[in-house]
Each structure stands twice: as C-alpha cells, then as structure tokens.
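Structure file my_file_4.cif with mmCIF, C-alpha atoms:
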data_model
#
loop_
_atom_site.group_PDB
_atom_site.id
_atom_site.type_symbol
_atom_site.label_atom_id
_atom_site.label_comp_id
_atom_site.auth_asym_id
_atom_site.auth_seq_id
_atom_site.Cartn_x
_atom_site.Cartn_y
_atom_site.Cartn_z
ATOM 1 C CA MET J 1262 0.000 0.000 0.000
ATOM 2 C CA VAL J 1263 1.331 3.417 -1.031
ATOM 3 C CA SER J 1264 1.655 5.901 1.792
ATOM 4 C CA SER J 1265 0.506 9.486 1.457
ATOM 5 C CA ASP J 1266 4.130 10.716 1.398
ATOM 6 C CA GLN J 1267 4.998 8.340 -1.411
ATOM 7 C CA ARG J 1268 1.881 9.446 -3.317
ATOM 8 C CA ARG J 1269 2.861 13.108 -2.965
ATOM 9 C CA ARG J 1270 6.396 12.356 -4.155
ATOM 10 C CA GLN J 1271 5.016 10.418 -7.131
ATOM 11 C CA LEU J 1272 2.678 13.255 -8.093
ATOM 12 C CA ALA J 1273 5.486 15.770 -7.715
ATOM 13 C CA ARG J 1274 7.747 13.642 -9.916
ATOM 14 C CA GLU J 1275 5.065 13.291 -12.585
ATOM 15 C CA LYS J 1276 4.447 17.043 -12.469
ATOM 16 C CA PHE J 1277 8.188 17.684 -12.844
ATOM 17 C CA GLU J 1278 8.389 15.277 -15.800
ATOM 18 C CA ARG J 1279 5.411 16.992 -17.453
ATOM 19 C CA GLN J 1280 7.117 20.373 -16.983
ATOM 20 C CA GLN J 1281 10.330 19.032 -18.417
ATOM 21 C CA GLN J 1282 8.456 17.608 -21.396
ATOM 22 C CA ARG J 1283 6.705 20.926 -22.005
ATOM 23 C CA ARG J 1284 10.006 22.773 -21.757
ATOM 24 C CA GLU J 1285 11.643 20.371 -24.192
ATOM 25 C CA GLU J 1286 8.730 20.792 -26.603
ATOM 26 C CA ALA J 1287 9.065 24.575 -26.249
ATOM 27 C CA ARG J 1288 12.803 24.356 -26.939
ATOM 28 C CA SER J 1289 12.121 22.209 -29.993
ATOM 29 C CA ARG J 1290 9.612 24.728 -31.314
ATOM 30 C CA THR J 1291 12.139 27.517 -30.752
ATOM 31 C CA ARG J 1292 14.837 25.603 -32.630
ATOM 32 C CA ARG J 1293 12.469 24.958 -35.539
ATOM 33 C CA LEU J 1294 11.433 28.617 -35.647
ATOM 34 C CA THR J 1295 15.068 29.722 -35.531
ATOM 35 C CA ALA J 1296 15.896 27.406 -38.412
ATOM 36 C CA VAL J 1297 13.010 28.776 -40.459
ATOM 37 C CA ILE J 1298 14.075 32.372 -39.780
ATOM 38 C CA ALA J 1299 17.703 31.585 -40.633
ATOM 39 C CA SER J 1300 16.634 30.000 -43.905
ATOM 40 C CA ALA J 1301 14.489 32.995 -44.751
ATOM 41 C CA LEU J 1302 17.355 35.366 -43.996
ATOM 42 C CA ALA J 1303 19.669 33.292 -46.161
ATOM 43 C CA VAL J 1304 17.248 33.555 -49.069
ATOM 44 C CA VAL J 1305 16.950 37.298 -48.572
ATOM 45 C CA ALA J 1306 20.746 37.593 -48.483
ATOM 46 C CA VAL J 1307 21.132 35.645 -51.718
ATOM 47 C CA VAL J 1308 18.453 37.714 -53.430
ATOM 48 C CA GLY J 1309 20.097 40.880 -52.150
ATOM 49 C CA VAL J 1310 23.494 39.892 -53.490
ATOM 50 C CA ALA J 1311 21.969 38.941 -56.826
ATOM 51 C CA ALA J 1312 20.224 42.298 -57.056
ATOM 52 C CA PHE J 1313 23.439 44.085 -56.065
ATOM 53 C CA VAL J 1314 25.379 42.336 -58.790
ATOM 54 C CA SER J 1315 22.688 42.892 -61.406
ATOM 55 C CA LEU J 1316 22.561 46.584 -60.558
ATOM 56 C CA GLY J 1317 26.284 47.035 -61.046
ATOM 57 C CA GLY J 1318 28.242 45.641 -58.104
ATOM 58 C CA ASP J 1319 31.107 47.574 -56.568
ATOM 59 C CA ASP J 1320 33.424 50.072 -58.216
ATOM 60 C CA LYS J 1321 35.824 47.359 -59.339
ATOM 61 C CA ASP J 1322 32.989 45.592 -61.181
ATOM 62 C CA LYS J 1323 32.021 48.856 -62.823
ATOM 63 C CA ASN J 1324 35.591 49.528 -63.857
ATOM 64 C CA ASP J 1325 35.995 46.026 -65.240
ATOM 65 C CA ALA J 1326 32.764 46.362 -67.208
ATOM 66 C CA SER J 1327 33.678 49.757 -68.579
ATOM 67 C CA SER J 1328 37.149 48.618 -69.588
ATOM 68 C CA SER J 1329 35.653 45.837 -71.730
ATOM 69 C CA THR J 1330 33.689 48.260 -73.904
ATOM 70 C CA SER J 1331 35.113 50.089 -76.870
ATOM 71 C CA PRO J 1332 36.362 53.588 -76.109
ATOM 72 C CA SER J 1333 34.807 56.604 -77.792
ATOM 73 C CA PRO J 1334 36.247 59.945 -78.936
ATOM 74 C CA SER J 1335 34.614 61.872 -76.110
ATOM 75 C CA ALA J 1336 34.980 65.516 -75.236
ATOM 76 C CA SER J 1337 33.442 66.914 -72.069
ATOM 77 C CA PRO J 1338 33.522 70.716 -71.922
ATOM 78 C CA SER J 1339 31.716 72.251 -68.969
ATOM 79 C CA ALA J 1340 28.426 74.089 -69.469
ATOM 80 C CA SER J 1341 30.185 77.418 -68.944
ATOM 81 C CA GLU J 1342 32.434 76.651 -71.916
ATOM 82 C CA SER J 1343 29.522 76.026 -74.293
ATOM 83 C CA SER J 1344 27.406 79.139 -73.852
ATOM 84 C CA ALA J 1345 28.732 81.484 -76.574
ATOM 85 C CA PRO J 1346 27.365 81.572 -80.146
ATOM 86 C CA GLU J 1347 29.366 79.893 -82.879
ATOM 87 C CA PRO J 1348 31.342 82.173 -85.240
ATOM 88 C CA ALA J 1349 29.502 84.011 -87.972
ATOM 89 C CA MET J 1350 29.640 82.225 -91.317
ATOM 90 C CA LYS J 1351 32.491 83.730 -93.373
ATOM 91 C CA ILE J 1352 33.750 80.884 -95.538
ATOM 92 C CA ASP J 1353 32.801 80.091 -99.118
ATOM 93 C CA LYS J 1354 30.419 77.158 -98.753
ATOM 94 C CA LYS J 1355 31.223 75.958 -102.271
ATOM 95 C CA SER J 1356 34.958 75.647 -101.673
ATOM 96 C CA LYS J 1357 37.318 73.150 -100.094
ATOM 97 C CA TYR J 1358 39.783 74.163 -97.398
ATOM 98 C CA THR J 1359 42.989 72.646 -96.094
ATOM 99 C CA MET J 1360 43.912 72.654 -92.416
ATOM 100 C CA SER J 1361 47.674 72.434 -91.901
ATOM 101 C CA LEU J 1362 49.174 71.520 -88.527
ATOM 102 C CA LYS J 1363 52.846 71.925 -87.761
ATOM 103 C CA THR J 1364 53.524 69.441 -84.969
ATOM 104 C CA SER J 1365 56.413 68.005 -82.995
ATOM 105 C CA GLN J 1366 55.918 64.738 -84.920
ATOM 106 C CA GLY J 1367 55.835 66.257 -88.403
ATOM 107 C CA ASP J 1368 53.352 68.148 -90.537
ATOM 108 C CA ILE J 1369 49.766 66.932 -90.630
ATOM 109 C CA ALA J 1370 47.245 68.268 -93.138
ATOM 110 C CA PHE J 1371 43.696 67.414 -94.112
ATOM 111 C CA THR J 1372 41.127 68.678 -96.599
ATOM 112 C CA MET J 1373 37.676 69.923 -95.515
ATOM 113 C CA ASP J 1374 34.698 70.144 -97.877
ATOM 114 C CA ALA J 1375 32.709 73.230 -96.903
ATOM 115 C CA ALA J 1376 29.739 72.129 -99.005
ATOM 116 C CA LYS J 1377 29.269 69.094 -96.734
ATOM 117 C CA THR J 1378 30.420 70.528 -93.403
ATOM 118 C CA PRO J 1379 30.033 74.323 -93.538
ATOM 119 C CA HIS J 1380 29.652 74.906 -89.795
ATOM 120 C CA THR J 1381 32.631 72.721 -88.904
ATOM 121 C CA THR J 1382 34.860 74.165 -91.611
ATOM 122 C CA ASN J 1383 33.909 77.730 -90.716
ATOM 123 C CA SER J 1384 34.529 77.103 -87.008
ATOM 124 C CA PHE J 1385 37.956 75.576 -87.606
ATOM 125 C CA LYS J 1386 39.014 78.432 -89.866
ATOM 126 C CA SER J 1387 37.836 80.976 -87.295
ATOM 127 C CA LEU J 1388 39.712 79.203 -84.477
ATOM 128 C CA ALA J 1389 42.888 78.714 -86.522
ATOM 129 C CA ASP J 1390 42.893 82.372 -87.587
ATOM 130 C CA LYS J 1391 42.840 83.329 -83.898
ATOM 131 C CA GLY J 1392 45.720 80.984 -83.035
ATOM 132 C CA PHE J 1393 43.419 78.833 -80.864
ATOM 133 C CA PHE J 1394 45.217 75.567 -81.650
ATOM 134 C CA ASP J 1395 48.768 76.948 -81.433
ATOM 135 C CA GLY J 1396 50.671 75.441 -78.513
ATOM 136 C CA THR J 1397 48.062 72.745 -77.791
ATOM 137 C CA LYS J 1398 48.768 69.026 -77.447
ATOM 138 C CA CYS J 1399 47.072 66.007 -78.930
ATOM 139 C CA HIS J 1400 46.113 64.686 -75.516
ATOM 140 C CA ARG J 1401 44.744 61.229 -76.242
ATOM 141 C CA LEU J 1402 45.760 58.179 -78.261
ATOM 142 C CA THR J 1403 43.653 55.023 -78.505
ATOM 143 C CA THR J 1404 45.240 51.802 -79.741
ATOM 144 C CA GLN J 1405 42.583 49.200 -79.005
ATOM 145 C CA GLY J 1406 38.965 48.988 -80.168
ATOM 146 C CA ILE J 1407 39.346 52.207 -82.120
ATOM 147 C CA PHE J 1408 42.527 53.753 -83.497
ATOM 148 C CA VAL J 1409 42.543 57.516 -83.164
ATOM 149 C CA LEU J 1410 44.675 60.449 -82.078
ATOM 150 C CA GLN J 1411 42.584 63.155 -80.421
ATOM 151 C CA CYS J 1412 43.563 66.830 -80.506
ATOM 152 C CA GLY J 1413 42.121 70.325 -80.215
ATOM 153 C CA ASP J 1414 41.752 70.697 -76.448
ATOM 154 C CA PRO J 1415 43.368 73.874 -75.063
ATOM 155 C CA LYS J 1416 43.353 72.333 -71.572
ATOM 156 C CA GLY J 1417 44.918 69.067 -72.676
ATOM 157 C CA ASP J 1418 42.697 66.888 -70.477
ATOM 158 C CA GLY J 1419 39.585 66.312 -72.578
ATOM 159 C CA THR J 1420 37.487 69.015 -70.922
ATOM 160 C CA GLY J 1421 38.446 72.085 -72.960
ATOM 161 C CA GLY J 1422 36.587 73.789 -75.765
ATOM 162 C CA PRO J 1423 36.126 77.083 -77.629
ATOM 163 C CA GLY J 1424 33.204 78.324 -75.524
ATOM 164 C CA TYR J 1425 30.516 77.287 -78.030
ATOM 165 C CA THR J 1426 29.210 74.196 -79.800
ATOM 166 C CA ILE J 1427 28.477 73.492 -83.457
ATOM 167 C CA PRO J 1428 25.829 71.264 -85.056
ATOM 168 C CA ASP J 1429 26.548 67.744 -86.260
ATOM 169 C CA GLU J 1430 27.017 67.485 -90.027
ATOM 170 C CA ASN J 1431 27.572 64.890 -92.751
ATOM 171 C CA LEU J 1432 26.615 61.975 -90.468
ATOM 172 C CA THR J 1433 25.326 59.802 -93.337
ATOM 173 C CA ALA J 1434 28.535 60.105 -95.360
ATOM 174 C CA LEU J 1435 29.944 56.793 -94.135
ATOM 175 C CA GLY J 1436 26.845 54.748 -94.884
ATOM 176 C CA LYS J 1437 24.101 53.119 -92.871
ATOM 177 C CA ALA J 1438 24.930 51.663 -89.474
ATOM 178 C CA GLY J 1439 25.166 47.889 -89.272
ATOM 179 C CA LYS J 1440 23.420 45.611 -86.799
ATOM 180 C CA ASP J 1441 25.998 46.575 -84.188
ATOM 181 C CA GLY J 1442 25.051 50.238 -84.576
ATOM 182 C CA THR J 1443 28.391 51.275 -86.055
ATOM 183 C CA VAL J 1444 29.937 52.347 -89.335
ATOM 184 C CA THR J 1445 33.562 52.228 -90.385
ATOM 185 C CA TYR J 1446 35.531 55.443 -90.101
ATOM 186 C CA PRO J 1447 38.305 54.724 -92.632
ATOM 187 C CA ALA J 1448 41.960 55.417 -91.905
ATOM 188 C CA GLY J 1449 42.695 58.997 -92.892
ATOM 189 C CA THR J 1450 39.336 60.343 -91.683
ATOM 190 C CA VAL J 1451 39.233 63.420 -89.458
ATOM 191 C CA ALA J 1452 36.090 63.723 -87.317
ATOM 192 C CA MET J 1453 34.661 65.751 -84.467
ATOM 193 C CA ALA J 1454 34.738 64.507 -80.879
ATOM 194 C CA ASN J 1455 31.666 65.265 -78.765
ATOM 195 C CA THR J 1456 30.138 64.684 -75.342
ATOM 196 C CA GLY J 1457 28.032 61.754 -76.514
ATOM 197 C CA GLN J 1458 25.047 64.011 -77.116
ATOM 198 C CA ALA J 1459 23.936 65.489 -80.429
ATOM 199 C CA HIS J 1460 25.342 68.840 -81.552
ATOM 200 C CA THR J 1461 27.999 69.110 -78.832
ATOM 201 C CA GLY J 1462 31.126 69.382 -80.976
ATOM 202 C CA GLY J 1463 33.529 72.170 -80.087
ATOM 203 C CA SER J 1464 37.208 72.250 -80.958
ATOM 204 C CA GLN J 1465 38.274 68.669 -80.214
ATOM 205 C CA PHE J 1466 38.761 66.393 -83.202
ATOM 206 C CA PHE J 1467 40.288 62.988 -83.855
ATOM 207 C CA LEU J 1468 42.550 61.625 -86.565
ATOM 208 C CA VAL J 1469 41.792 58.028 -87.571
ATOM 209 C CA TYR J 1470 45.024 56.162 -88.363
ATOM 210 C CA LYS J 1471 43.444 52.714 -88.829
ATOM 211 C CA ASP J 1472 39.900 51.712 -89.828
ATOM 212 C CA SER J 1473 37.705 52.113 -86.733
ATOM 213 C CA LYS J 1474 34.094 51.100 -86.113
ATOM 214 C CA LEU J 1475 32.089 53.785 -84.317
ATOM 215 C CA PRO J 1476 28.465 54.937 -84.113
ATOM 216 C CA PRO J 1477 27.731 57.406 -86.945
ATOM 217 C CA SER J 1478 27.420 60.294 -84.500
ATOM 218 C CA TYR J 1479 30.800 61.958 -85.016
ATOM 219 C CA THR J 1480 30.933 64.533 -87.825
ATOM 220 C CA PRO J 1481 33.445 63.338 -90.476
ATOM 221 C CA PHE J 1482 34.760 66.600 -91.882
ATOM 222 C CA GLY J 1483 38.258 66.014 -93.200
ATOM 223 C CA THR J 1484 40.570 63.607 -95.022
ATOM 224 C CA MET J 1485 44.324 63.380 -94.399
ATOM 225 C CA ASP J 1486 46.823 63.066 -97.219
ATOM 226 C CA ASP J 1487 49.137 60.042 -97.321
ATOM 227 C CA ALA J 1488 52.102 61.754 -95.667
ATOM 228 C CA SER J 1489 49.939 62.998 -92.813
ATOM 229 C CA LEU J 1490 48.363 59.579 -92.257
ATOM 230 C CA LYS J 1491 51.847 58.070 -92.123
ATOM 231 C CA ALA J 1492 52.891 60.592 -89.448
ATOM 232 C CA VAL J 1493 49.841 59.771 -87.292
ATOM 233 C CA LYS J 1494 50.391 56.021 -87.778
ATOM 234 C CA THR J 1495 53.914 56.461 -86.420
ATOM 235 C CA VAL J 1496 52.490 58.035 -83.271
ATOM 236 C CA GLY J 1497 49.963 55.214 -82.991
ATOM 237 C CA THR J 1498 52.607 52.517 -83.418
ATOM 238 C CA ALA J 1499 54.694 54.027 -80.600
ATOM 239 C CA GLY J 1500 51.745 53.500 -78.288
ATOM 240 C CA VAL J 1501 50.436 55.090 -75.121
ATOM 241 C CA THR J 1502 52.511 56.323 -72.197
ATOM 242 C CA GLY J 1503 52.728 53.570 -69.565
ATOM 243 C CA GLY J 1504 51.705 50.838 -71.991
ATOM 244 C CA ALA J 1505 47.939 51.354 -71.683
ATOM 245 C CA ALA J 1506 45.571 51.177 -74.658
ATOM 246 C CA ASP J 1507 44.087 54.636 -74.126
ATOM 247 C CA GLY J 1508 45.857 57.728 -72.837
ATOM 248 C CA ALA J 1509 48.546 60.268 -73.614
ATOM 249 C CA PRO J 1510 50.656 59.245 -76.634
ATOM 250 C CA LYS J 1511 54.190 58.099 -75.889
ATOM 251 C CA LYS J 1512 55.364 60.286 -78.767
ATOM 252 C CA ALA J 1513 54.049 63.640 -77.544
ATOM 253 C CA VAL J 1514 52.309 65.621 -80.283
ATOM 254 C CA THR J 1515 52.342 69.388 -79.804
ATOM 255 C CA ILE J 1516 50.759 71.657 -82.407
ATOM 256 C CA SER J 1517 53.002 74.694 -82.820
ATOM 257 C CA LYS J 1518 50.956 76.306 -85.591
ATOM 258 C CA ALA J 1519 47.580 75.660 -87.244
ATOM 259 C CA ALA J 1520 46.281 77.354 -90.381
ATOM 260 C CA VAL J 1521 43.231 76.959 -92.600
ATOM 261 C CA ASP J 1522 43.303 78.118 -96.229
ATOM 262 C CA LYS J 1523 41.352 77.451 -99.390
ATOM 263 C CA ALA J 1524 42.539 74.298 -101.087
#

As structure tokens, please, write out the structure in this file.
Amino acid sequence: MVSSDQRRRQLAREKFERQQQRREEARSRTRRLTAVIASALAVVAVVGVAAFVSLGGDDKDKNDASSSTSPSPSASPSASESSAPEPAMKIDKKSKYTMSLKTSQGDIAFTMDAAKTPHTTNSFKSLADKGFFDGTKCHRLTTQGIFVLQCGDPKGDGTGGPGYTIPDENLTALGKAGKDGTVTYPAGTVAMANTGQAHTGGSQFFLVYKDSKLPPSYTPFGTMDDASLKAVKTVGTAGVTGGAADGAPKKAVTISKAAVDKA
C-alpha cells in the first residue's frame, strides 16, 4: 500500500516530468522557428546579393565592365564653356579648305569640304585664324577597339573647348549603321569629338590612323593626305605612355601652328 508521502512524491515527480516535457517541446519549437528564420534570412541575403550584382556591383565591377567596352572619342567641356554663339559664317560654302598643322611629330594636313560641313569648316578656320590651336597638345591616343589620335583641347585633359558648340554634319557620309550600330571610319578620316550628345562638338577632333568602327554620331569633316596619315600612324605605333591602350601618346604631339586656307 502506497503511503501518502509516497503518493505526494510520485505526483510531484510526474508534475516535474510533465514540466520538463513541455520545456523540451518549447525548446524544440524555438529551434524549428530559428531554423526557419535563418533560412528565410539566407534567401533574402542571396536575393540581395543577386540584385546588387545585377545593378552594377562595386566600383571594381564597374571599372571592369567599362574597360571591356570600346572607347569613344569623347569631349566633355563644362556648361560654362559652351554658352557662346558659334562664329559668324564667313567661308565660301562651295569651296574646299585645307587645315595644316605643324607638330612636334611632323606636318599633318587634311582637306575639308565646306559644301558638306560648312559649320565645322567655318569654325575651324575661325579658331585657326585666332591661333586657338597653337601650342596645344594632342592629348589622347587610342590603340585598341578604335585607333585615333585626339587633338584640339586647349586644356589638354579632354574638358576644354572654344566656348561654343556646333551642329553635327555629314553623319550619313559613311553609310548606314550595321546591326551593331556602327559604321567604319576609314583610316585617314578626321572627325569631331563630342560629349556623346547630339550637336555638342567644339574644338576637339580625332585623326583616324586605322579603320575604326564607331556609331555614326561623329561629324566626319576632313581627309588626311598620305604623308599625314603616315605621321599619325607612327604616333599610334609608338603607343600610349605607360603601356595602356588609351591615354597620352608616348610620342608627344604638340601643335606649334595651325592654319586653314582654301585648297
């Protein structure tokens, strides 16, 4: 026969075991809930990383992506340098003109057809007559993707201009763009650099020394003679300072004198 003390101890033990069971069940529920939350957070983290990558990643990713694209003959004058009106039209629109550059790497000359590019030709004659290009450097050489020597910036860093912009001209001269959105600018072509927007040409121009595929958004306004193309090719062959594919030319090109006359 079970005594009253034994019965109390038995009931107490059973109560303790029930409490322990409930606590264990509670701990199990907590562990399951924690696991569910952790899984949810992991999914959110993965989605977040995926979104971060798809939206551009860090600066290194951006730099890597940008370095894989073809360079463009860009010019980025500030707004304050593009507020004046372009020069009054003074050239003969029916004539051809020759721009002659005396440079540290030899003479470079190209012919401009005023009938096709009157605004560009007139602007370059006006600037040359004022000595705008004298003492300037061809600040940029590109040897990969496109093959151009860029000149005409009085600041020498890609941000300079004459204080005004001129309209795009002659953009259909090189044919219809292909499926990749480009046309071929043949070796010997001289074209206007711009900011990437329409009608933003100023004084910066580029000399193509090897066939280059570009969007047809850069005014082709001149053609170099054979001797001039050879001089620019020599600069291109020497490469870029520091061995990069885009930057200041290893053979520095300084324009000592520029002149524009009727051909």

Item checked: Selection near segment 1500-1516 of chain J, 12 Å with all atoms listed in the file, sequence-local residues under 2 positions removed, as a count of residues only -> 54

Checklist line | segment 1462-1466 of chain J environment, 7 Å, only C-alpha atoms, sequence neighbours closer than 2 positions dropped, as a VMD selection string | finding: chain J and resid 1336 1411 to 1414 1422 to 1423 1425 to 1428 1451 to 1455 1460 1468

Next item on the list: Quick one: apply the PyMOL selection byres ((chain J and resi 1371-1388) around 6) to the file and drop the selected residues here as a VMD selection string.
Entry: chain J and resid 1352 1354 to 1360 1370 1389 to 1391 1393 1430 1482 to 1485 1521

Shell of 7 Å around Ser1478 of chain J, all atoms listed in the file, local chain residues under 2 positions omitted, as a PDB file with C-alpha atoms, in the coordinates of the input:
ATOM      1  CA  LEU J1432      26.615  61.975 -90.468  1.00  0.00           C
ATOM      2  CA  PRO J1476      28.465  54.937 -84.113  1.00  0.00           C
ATOM      3  CA  THR J1480      30.933  64.533 -87.825  1.00  0.00           C
TER       4      THR J1480
END

Checklist line | Straight-line distance linking atom CA of Gly1421 of chain J with atom CA of Pro1447 of chain J, stated in Å to one decimal | finding: 26.2 Å

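Note that the spacing between atom CA of Ala1459 of chain J and atom CA of Ser1344 of chain J amounts to 15.5 Å.
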
Notebook entry, point to check: Which residue out of J:Pro1346, J:Gly1439, J:Pro1338, J:Gly1424 has the minimum interatomic distance to Gln1458 of chain J when all atoms listed in the file are used?
Noted result: J:Pro1338
